[in-house]
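Enquirer: One structure is given below, represented as C-alpha cells, and several questions about it will come after.
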Amino acid sequence: MKVIELLELVPLFPFLGFLILVLAGARLSKLTISWIGVGSVAISALLVALLGAEFLNGTLQPYSRVLGSWMAVGNLSVPFGFYLDALSVTMLFVVTGIGFLIHLYAAGFMKDDPGYARFFAYMNLFVSAMLVLVLADNLVLLYLGWEGVGLGSYLLIGFWYEDPNNGYAARKAFVMTRIGDMALLLGMILLFMQLHTFDIQTLMLRATSQWTTGTLLPVTAAALLLGGALGKSAQLPLHTWLPDAMAGPTPVSALIHAATMVTAGVYLIARTHGLFMMAPSVQFLVAVIGTLTLLMAGCSALVQADIKRILAYSTISQIGYMFLALGVGAWSSAIFHLLTHAFFKALLFLAAGAVIFCFHHEHNIFKMGGLRRAMPLAFVSFLIGSAALSGLPFTSGYYSKHEILAEVYSVSPGLWMAGCLGAIITGIYSFRLVFVVFFGVQPQAVEKRLGWRMSLSLGLLGILSLLGGMLRIPLDSVFPQLFNLEPSFSLVSVITLAAPFIGLLIAILFYLGGFSVRGLIGSGWANQVRMFWFNGWGMDTLYDMLIVRPFKAVAKLNKNDAVDDIYAAIALLSQGAHSMIKTTQTGCVRWYATSMALGTVVIIAIGWLS
Amino acid sequence: MNGIPMEHGLLLSIVLFVLGLVGVLVRRNLIMILMSLEVMLNATGLAFIVAGSRWGEADGQIMFLLILTLAAAEVGVGLGLVLQIFRRFHTLDADSLTEMKG
C-alpha cells in the first residue's frame with residue numbers, strides 16, 4: 001500500500017473537521033475544538049509530508065485518482081478526480097504545512113473569542129476547499145474549490161460580524177472576486193464548447209493540437225482565465241478588496257490573504273500555462289499587469305499606517321512579482337516565489353498578529369515603538385520576514401526574487417527595471433515597518449505574553465523563511481524549461497542584488513537616521529501624492545464614481561420597480577371599477593327592477609337593430 | 001273571434017304589460033307591486049291567446065293555463081313573504097325596506 005493512494009483523505013480530514021465543528025461545535029469545550037480544528041489539518045499535513053516525500057523520491061510521474069463521477073450528461077462528464085504532479089505537491093505543502101502552523105497559532109490567538117468553534121469550522125472549510133482547488137484534475141472541480149475558498153474568505157473576513165464595517169469588507173471581497181469568477185466561468189464554458197472536455201491535461205493537449213498560437217480562440221480563453229486569476233489574486237484592476245479584507249482576524253489574513261487563497265490565481269495560470277503560451281499577447285498582459293500592480297501596491301504600502309494594511313499591500317505587490325514571472329514564462333520561478341512568499345508573509349502576518357495581540361489590539365504603527373525589548377520573538381520574526389520579503393541575501397525571498405528578476409531581464413530589460421524599482425520600494429516599506437514598530441520609544445507596556453502555540457508557529461515559520469530557499473521542489477516535470485541561466489557575476493545581477501539594500505539604506509536614513517519624513521512630505525504636492533497613495537491610488541473612489549454611484553442612482557430610480565407598476569395598475573383598475581359598480585348596489589328593489597327593465601329594453605333594441 | 005285582428009289584441013297586451021311594468025316601478029306598496037306583477041303576467045297570457053287564435057293552435061291556451069298556475073303559486077309565495085315582512089318591519093314600503101349601504 002502506497003501512501004499516495006490515500007490522496008483523497010487529504011482534503012477529507014479538514015472537511016470532516018468542518019462538519020464536526022459546525023454540527024457539534026457549540027457543545028464542545030475549547031480544548032476539544034482546538035484539537036479537532038488543528039488536528040484535522042495536522043493529519044492532512046502529515047499525510048502530505050508522507051505522500052509528498054514518496055512522490056518526490058519517485059519518478060515524478062503525474063498521479064491521478066478518480067473517486068467517482070460527479071455529473072455525467074451527454075458528452076459532459078465531470079469526475080471527482082484528483083491529479084498530483086510536482087506543482088500540486090508544492091501547493092499541497094504550502095496549504096497544509098503553513099495551514100497547520102497558522103491553525104496552531106490561531107488556537108492561541110483566538111482563545112478568548114466566543115466564536116472559537118465557528119472560527120475553526122470556517123478555517124477547516126477553507127483549507128478543505130483550497131485542497132480541492134489544487135488537487136482538481138478538471139476545471140469544474142477546480143471551480144468548486146475556487147468558490148469554496150471564496151466562501152471561506154467571505155465568512156472569515158466578516159467573522160466579527162457585529163461591526164457592520166467588517167460585513168461590508170466581506171461583501172466587497174466577495175463581490176470583487178465574483179467579477180473575476182464570472183470571467184473564469186465563461187472561460188471554462190468557452191473551453192468546453194470548443195474542446196469538449198473539462199479535464200485540464202486533456203484540455204491543454206487538445207488546445208495545442210487544435211488551435212494555432214495567437215489566434216482569437218486561445219487569446220479569448222486565456223484572457224477569461226486571466227480575469228478569474230486577477231480577481232482571486234487581487235491584481236490590478238480587481239485588487240481593491242484585499243486591503244479591506246484585513247478586517248478579519250489576523251490568522252485569517254495570514255492563511256487566506258497572504259499564503260494560500262490569493263495565490264490561487266498564480267496557480268491557475270501556472271496550471272493552464274499551455275493555454276497562456278498559445279496566447280502571447282495575454283501572457284505579455286500578465287507581465288504588464290504584474291509590474292503595474294507591484295509598483296502601485298508597493299507605493300501604497302509605503303504610506304500606510306495600519307500594520308496589517310502595509311502587509312496587505314505588500315502581498316498584492318509580491319503577487320505582482322509572481323504574475324510578472326508568469327508573464328515572462330518563468331513558471332517555476334513564479335511557483336518558487338509563491339512558496340517562499342507563503343513562508344515569509346505568513347510569518348510577517350503572524351508576527352503582526354502577535355504585536356496586535358500583545359499590544360492592546362493596536363493597529364496603527366505610529367502608536368507603537370520600541371517593542372524590540374518587550375517582544376523579542378516578534379522582533380526577530382519581523383526582522384527575518386522583512387529581510388526575506390525585501391530579498392536580502394541568503395533568505396528564502398532572495399533566491400526566488402533574484403531568480404525572477406534574472407529571468408525577467410533576459411526577456412525584457414524594461415520590466416526588469418520596474419521590478420528592481422519595486423525591490424527598492426519593498427526594502428523601504430518593510431524596514432520602515434520594522435523600525436517604526438520596534439525601535440524608538442515604547443509608549444505603553446505590553447499587555448499579554450505569547451502562548452507556546454503562537455511562539456512555536458512563529459519559530460517554525462521563521463526557520464522556514466530563512467531556509468525555505470533550499471526547499472525548492474523540482475518543477476521541470478510540469479513546466480517547459482525556457483531559461484538556462486548560469487549564475488554569473490554581471491552588472492545586472494549586482495543591481496538586482498543591490499536594490500533591496502538601497503531600500504534598506506533609505507529606510508535607515510529616514511526612520512533611524514536624522515532625515516525627517518515630515519520634511520519630505522511636508523510640502524503640498526508631496527503630501528497630496530502621499531494621500532493619493534494612501535488611498536490606494538484612488539481606485540476605490542474611481543470605482544465608487546464609475547460603478548457604485550450610477551448603480552445606486554439607477555436603483556433609486558427604479559426603487560418602486562417598473563415591472564411591478566404594471567401589476568399595481570391592474571389592481572388599481574379593478575379597484576376603481578369595483579367602487580364604481582358598488583354604487584349601484586343600493587338594496588332598493590324598485591331600483592333593481594328599473595335597471596332590469598331598462599337593460600332588457602337595451603338588449604332587445606340591440607337585437608333588433610343589428 | 002275572427003272579427004278582431006291580431007294587431008289589436010297584441011297592442012292591448014303591450015299596453016297592459018307597460019301599465020303593469022310602470023306599476024311595478026312607481027308603486028311603493030309591496031301589495032300594489034304584486035298586483036302590478038299580476039297585470040304583467042296576464043298581459044303575456046293575453047299575447048299567447050291572441051297568437052294561438054291567429055294560427056288556430058291550442059298551444060297558446062295551454063301556455064296561458066301554465067302562466068295562470070304559475071301566477072297563483074307566485075301570489076301564494078309573494079303574499080306569504082309580504083305577511084312576514086309586515087310582521088317584522090311593520091311597513092310595506094319597498095323603499096324603506098332597504099338595509100344595504102352601497
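Labels used: A, B, ... for chains in the order of the C-alpha cells, numbers from 1 for residues in each chain, and numbers from 1 for ligands as shown.
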Which residues are near Arg309 in chain A? Cut-off 9 Å, only C-alpha atoms, ignore same chain within fewer than 4 positions. Put them as a PyMOL selection string.

Expert: chain A and resi 242-244+246+301+304-305+313-314

Enquirer: Distance table requested - chain B against chain A, cut-off 12 Å, only C-alpha atoms: one row per qualifying residue with the closest atom pair and its distance in Å to one decimal, ordered by chain and rising residue number, as CSV.

Expert:
```
residue,atom,partner,partner_atom,distance
B:Phe17,CA,A:Ala597,CA,11.8
B:Val18,CA,A:Ala597,CA,10.6
B:Gly20,CA,A:Ala597,CA,12.0
B:Leu21,CA,A:Ala597,CA,8.3
B:Val22,CA,A:Thr594,CA,9.3
B:Gly23,CA,A:Arg590,CA,10.5
B:Val24,CA,A:Arg590,CA,7.4
B:Leu25,CA,A:Arg590,CA,5.7
B:Val26,CA,A:Arg590,CA,7.7
B:Arg27,CA,A:Arg590,CA,8.6
B:Arg28,CA,A:Arg590,CA,8.1
B:Asn29,CA,A:Arg590,CA,10.7
B:Leu30,CA,A:Val589,CA,10.2
B:Ile33,CA,A:Arg590,CA,9.4
B:Leu37,CA,A:Ala593,CA,11.5
B:Asp93,CA,A:Val589,CA,10.6
B:Ala94,CA,A:Val589,CA,6.7
B:Asp95,CA,A:Cys588,CA,5.9
B:Ser96,CA,A:Cys588,CA,8.2
B:Leu97,CA,A:Cys588,CA,7.6
B:Thr98,CA,A:Gly587,CA,5.0
B:Glu99,CA,A:Gly587,CA,6.4
B:Met100,CA,A:Gly587,CA,4.9
B:Lys101,CA,A:Thr586,CA,6.3
B:Gly102,CA,A:Thr586,CA,4.9
```

Enquirer: Can you pull out every residue within 9 Å of Gly451 in chain A, counting only C-alpha atoms, but drop anything in the same chain fewer than 6 positions away, and send it as a PyMOL selection string?

Expert: chain A and resi 105+108-109

Enquirer: Just want the 12 Å neighbourhood of Gly52 in chain B, counted on only C-alpha atoms, with same-chain residues fewer than 5 positions away dropped. Output as a PyMOL selection string.

Expert: chain B and resi 1+6+9-10+45-47+57-64

Enquirer: Give me the residues near Thr213 in chain A as an NGL selection string, where near means some atom within 8 Å (using only C-alpha atoms) and where sequence neighbours in that chain fewer than 4 positions away do not count.

Expert: :A and (218 or 277-280)

Enquirer: Rank nothing, just name the residue among A:Gly52, A:Leu131, A:Ile425, A:Phe284 nearest to Leu12 in chain A, using only C-alpha atoms.

Expert: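 The shortest atom-to-atom distance to Leu12 in chain A comes from A:Leu131.
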
Enquirer: Find the residue from A:Ile33, A:Ala342, A:Leu19, A:Ala388 that sits nearest to Lys111 in chain A; use only C-alpha atoms when measuring.

Expert: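 Between A:Ile33, A:Ala342, A:Leu19, A:Ala388, the residue approaching Lys111 in chain A most closely is A:Ile33.
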
Enquirer: Residues at most 7 Å from Phe198 in chain A, counting only C-alpha atoms, excluding those fewer than 3 positions away in the same chain, as a PyMOL selection string?

Expert: chain A and resi 138-140+192+203

Enquirer: Tell me, as an MDAnalysis selection string, which residues lie within 12 Å of Ala42 in chain A, counting only C-alpha atoms; anything in the same chain fewer than 6 positions away does not count.

Expert: chainID A and resid 10:11 13:14 17 34:36 48:49 93 95:104 124 127

Enquirer: Taking N, CA, C and O atoms for each residue, export the selection above as a JSON list (two decimals), in the first residue's frame.

Expert:
```json
[["chain", "number", "residue", "atom", "x", "y", "z"],
["A", 10, "VAL", "N", -6.61, 13.70, 2.06],
["A", 10, "VAL", "CA", -6.01, 14.99, 2.39],
["A", 10, "VAL", "C", -7.06, 16.09, 2.50],
["A", 10, "VAL", "O", -7.13, 16.79, 3.51],
["A", 11, "PRO", "N", -7.94, 16.27, 1.48],
["A", 11, "PRO", "CA", -8.98, 17.29, 1.69],
["A", 11, "PRO", "C", -10.11, 16.81, 2.59],
["A", 11, "PRO", "O", -10.86, 17.61, 3.11],
["A", 13, "PHE", "N", -10.05, 15.21, 5.58],
["A", 13, "PHE", "CA", -9.95, 15.43, 7.03],
["A", 13, "PHE", "C", -10.36, 16.83, 7.45],
["A", 13, "PHE", "O", -11.17, 16.98, 8.37],
["A", 14, "PRO", "N", -9.86, 17.89, 6.78],
["A", 14, "PRO", "CA", -10.36, 19.21, 7.17],
["A", 14, "PRO", "C", -11.86, 19.34, 6.98],
["A", 14, "PRO", "O", -12.54, 20.00, 7.77],
["A", 17, "GLY", "N", -13.48, 17.81, 9.87],
["A", 17, "GLY", "CA", -13.34, 18.74, 10.98],
["A", 17, "GLY", "C", -14.38, 19.83, 10.91],
["A", 17, "GLY", "O", -15.02, 20.18, 11.91],
["A", 34, "SER", "N", -10.06, 22.95, 19.68],
["A", 34, "SER", "CA", -8.74, 23.20, 19.11],
["A", 34, "SER", "C", -8.10, 21.89, 18.65],
["A", 34, "SER", "O", -7.40, 21.85, 17.64],
["A", 35, "TRP", "N", -8.38, 20.80, 19.38],
["A", 35, "TRP", "CA", -7.82, 19.51, 18.93],
["A", 35, "TRP", "C", -8.41, 19.10, 17.59],
["A", 35, "TRP", "O", -7.69, 18.64, 16.71],
["A", 36, "ILE", "N", -9.74, 19.29, 17.44],
["A", 36, "ILE", "CA", -10.36, 18.90, 16.17],
["A", 36, "ILE", "C", -9.90, 19.83, 15.05],
["A", 36, "ILE", "O", -9.47, 19.41, 13.98],
["A", 48, "VAL", "N", 0.37, 14.69, 3.70],
["A", 48, "VAL", "CA", 1.04, 15.36, 2.58],
["A", 48, "VAL", "C", 2.54, 15.18, 2.69],
["A", 48, "VAL", "O", 3.23, 14.93, 1.68],
["A", 49, "ALA", "N", 3.06, 15.29, 3.91],
["A", 49, "ALA", "CA", 4.50, 15.12, 4.09],
["A", 49, "ALA", "C", 4.91, 13.72, 3.62],
["A", 49, "ALA", "O", 5.89, 13.56, 2.87],
["A", 93, "PHE", "N", 2.02, 21.24, -0.03],
["A", 93, "PHE", "CA", 2.92, 21.57, 1.08],
["A", 93, "PHE", "C", 2.56, 22.94, 1.66],
["A", 93, "PHE", "O", 2.49, 23.12, 2.88],
["A", 95, "VAL", "N", -0.31, 24.64, 1.45],
["A", 95, "VAL", "CA", -1.63, 24.75, 2.07],
["A", 95, "VAL", "C", -1.68, 24.01, 3.39],
["A", 95, "VAL", "O", -2.13, 24.55, 4.40],
["A", 96, "THR", "N", -1.21, 22.76, 3.40],
["A", 96, "THR", "CA", -1.33, 22.01, 4.65],
["A", 96, "THR", "C", -0.24, 22.39, 5.65],
["A", 96, "THR", "O", -0.52, 22.54, 6.83],
["A", 97, "GLY", "N", 0.97, 22.58, 5.18],
["A", 97, "GLY", "CA", 2.08, 22.88, 6.10],
["A", 97, "GLY", "C", 1.86, 24.22, 6.76],
["A", 97, "GLY", "O", 1.77, 24.33, 8.00],
["A", 98, "ILE", "N", 1.77, 25.27, 5.95],
["A", 98, "ILE", "CA", 1.58, 26.59, 6.53],
["A", 98, "ILE", "C", 0.20, 26.69, 7.17],
["A", 98, "ILE", "O", 0.03, 27.30, 8.22],
["A", 99, "GLY", "N", -0.77, 26.00, 6.53],
["A", 99, "GLY", "CA", -2.10, 25.97, 7.12],
["A", 99, "GLY", "C", -2.06, 25.41, 8.54],
["A", 99, "GLY", "O", -2.68, 25.97, 9.44],
["A", 100, "PHE", "N", -1.30, 24.35, 8.73],
["A", 100, "PHE", "CA", -1.21, 23.76, 10.07],
["A", 100, "PHE", "C", -0.60, 24.74, 11.06],
["A", 100, "PHE", "O", -1.10, 24.95, 12.17],
["A", 101, "LEU", "N", 0.52, 25.37, 10.66],
["A", 101, "LEU", "CA", 1.19, 26.29, 11.58],
["A", 101, "LEU", "C", 0.26, 27.45, 11.96],
["A", 101, "LEU", "O", 0.21, 27.88, 13.11],
["A", 102, "ILE", "N", -0.49, 27.93, 10.96],
["A", 102, "ILE", "CA", -1.38, 29.06, 11.24],
["A", 102, "ILE", "C", -2.54, 28.61, 12.13],
["A", 102, "ILE", "O", -2.97, 29.34, 13.02],
["A", 103, "HIS", "N", -3.04, 27.38, 11.90],
["A", 103, "HIS", "CA", -4.10, 26.88, 12.77],
["A", 103, "HIS", "C", -3.59, 26.77, 14.21],
["A", 103, "HIS", "O", -4.31, 27.11, 15.16],
["A", 104, "LEU", "N", -2.36, 26.30, 14.34],
["A", 104, "LEU", "CA", -1.77, 26.16, 15.67],
["A", 104, "LEU", "C", -1.69, 27.51, 16.35],
["A", 104, "LEU", "O", -2.05, 27.69, 17.52],
["A", 124, "ASN", "N", -11.33, 25.27, 8.69],
["A", 124, "ASN", "CA", -11.23, 23.93, 8.14],
["A", 124, "ASN", "C", -11.92, 23.84, 6.79],
["A", 124, "ASN", "O", -11.42, 23.20, 5.86],
["A", 127, "VAL", "N", -9.57, 25.36, 4.26],
["A", 127, "VAL", "CA", -8.44, 24.50, 3.90],
["A", 127, "VAL", "C", -8.90, 23.36, 2.99],
["A", 127, "VAL", "O", -8.26, 23.04, 1.99]]
```

Enquirer: As an exercise, work out the distance from CA of Ser430 in chain A to CA of Ser390 in chain A in Å and give it to one decimal place.

Expert: 7.0 Å

Enquirer: Using DSSP secondary structure from the backbone, list all helix (DSSP H, G or I) positions within range 20-263 of chain A, as a PyMOL selection string.

Expert: chain A and resi 20-27+30-57+86-109+116-135+139-157+164-195+200-210+216-232+241-247+250-259+261-263

Enquirer: Kindly indicate which residue among B:Ile4, B:Ile31, B:Leu41, B:Ile49 lies nearest to Leu70 in chain B, using only C-alpha atoms for the distances.

Expert: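 Closest candidate: B:Leu41.
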
Enquirer: I'd like to know which of B:Leu92, B:Leu11, B:Leu16, B:Gly3 is closest to Leu34 in chain B, using only C-alpha atoms.

Expert: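 Under the stated criterion, the closest residue is B:Leu92.
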
Enquirer: Just the strand (DSSP E) stuff from range 2-232 of chain A, please, per backbone DSSP, written as a VMD selection string.

Expert: chain A and resid 63 to 73 76 to 84

Enquirer: For the selection just defined, write its residues with N, CA and C atoms to a file, as a tab-separated table (two decimals), in the first residue's frame.

Expert:
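Below you can see out.tsv, which holds the result:
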```tsv
chain	number	residue	atom	x	y	z
A	63	TYR	N	0.30	11.56	-10.98
A	63	TYR	CA	-0.55	10.50	-10.45
A	63	TYR	C	-1.97	11.03	-10.42
A	64	SER	N	-2.89	10.29	-11.05
A	64	SER	CA	-4.26	10.79	-10.98
A	64	SER	C	-5.15	9.71	-10.39
A	65	ARG	N	-6.17	10.16	-9.74
A	65	ARG	CA	-7.02	9.25	-8.99
A	65	ARG	C	-8.46	9.73	-9.13
A	66	VAL	N	-9.30	8.84	-9.69
A	66	VAL	CA	-10.69	9.21	-9.89
A	66	VAL	C	-11.53	8.49	-8.84
A	67	LEU	N	-12.27	9.25	-8.07
A	67	LEU	CA	-13.05	8.66	-6.98
A	67	LEU	C	-14.43	8.24	-7.44
A	68	GLY	N	-14.94	8.91	-8.44
A	68	GLY	CA	-16.29	8.59	-8.89
A	68	GLY	C	-16.78	9.70	-9.78
A	69	SER	N	-17.97	9.49	-10.33
A	69	SER	CA	-18.49	10.50	-11.24
A	69	SER	C	-19.28	11.52	-10.45
A	70	TRP	N	-19.10	12.77	-10.79
A	70	TRP	CA	-19.86	13.84	-10.14
A	70	TRP	C	-21.13	14.11	-10.95
A	71	MET	N	-20.92	14.37	-12.24
A	71	MET	CA	-22.09	14.54	-13.10
A	71	MET	C	-21.73	14.04	-14.49
A	72	ALA	N	-22.69	13.45	-15.14
A	72	ALA	CA	-22.47	12.96	-16.50
A	72	ALA	C	-23.74	13.18	-17.30
A	73	VAL	N	-23.70	14.12	-18.22
A	73	VAL	CA	-24.86	14.43	-19.06
A	73	VAL	C	-24.36	14.52	-20.50
A	76	LEU	N	-20.85	15.55	-21.61
A	76	LEU	CA	-20.23	16.20	-20.46
A	76	LEU	C	-20.09	15.19	-19.34
A	77	SER	N	-18.86	14.97	-18.90
A	77	SER	CA	-18.70	14.12	-17.73
A	77	SER	C	-17.67	14.75	-16.82
A	78	VAL	N	-18.06	14.93	-15.60
A	78	VAL	CA	-17.16	15.55	-14.63
A	78	VAL	C	-16.94	14.57	-13.49
A	79	PRO	N	-15.74	14.03	-13.36
A	79	PRO	CA	-15.48	13.11	-12.26
A	79	PRO	C	-14.95	13.86	-11.04
A	80	PHE	N	-15.05	13.20	-9.88
A	80	PHE	CA	-14.29	13.64	-8.72
A	80	PHE	C	-12.88	13.10	-8.90
A	81	GLY	N	-12.07	13.82	-9.63
A	81	GLY	CA	-10.74	13.30	-9.93
A	81	GLY	C	-9.67	14.19	-9.36
A	82	PHE	N	-8.67	13.56	-8.75
A	82	PHE	CA	-7.54	14.31	-8.22
A	82	PHE	C	-6.31	14.04	-9.07
A	83	TYR	N	-5.50	15.07	-9.21
A	83	TYR	CA	-4.34	14.97	-10.07
A	83	TYR	C	-3.14	15.48	-9.29
A	84	LEU	N	-2.14	14.65	-9.19
A	84	LEU	CA	-0.98	15.02	-8.38
A	84	LEU	C	0.24	15.08	-9.27
```
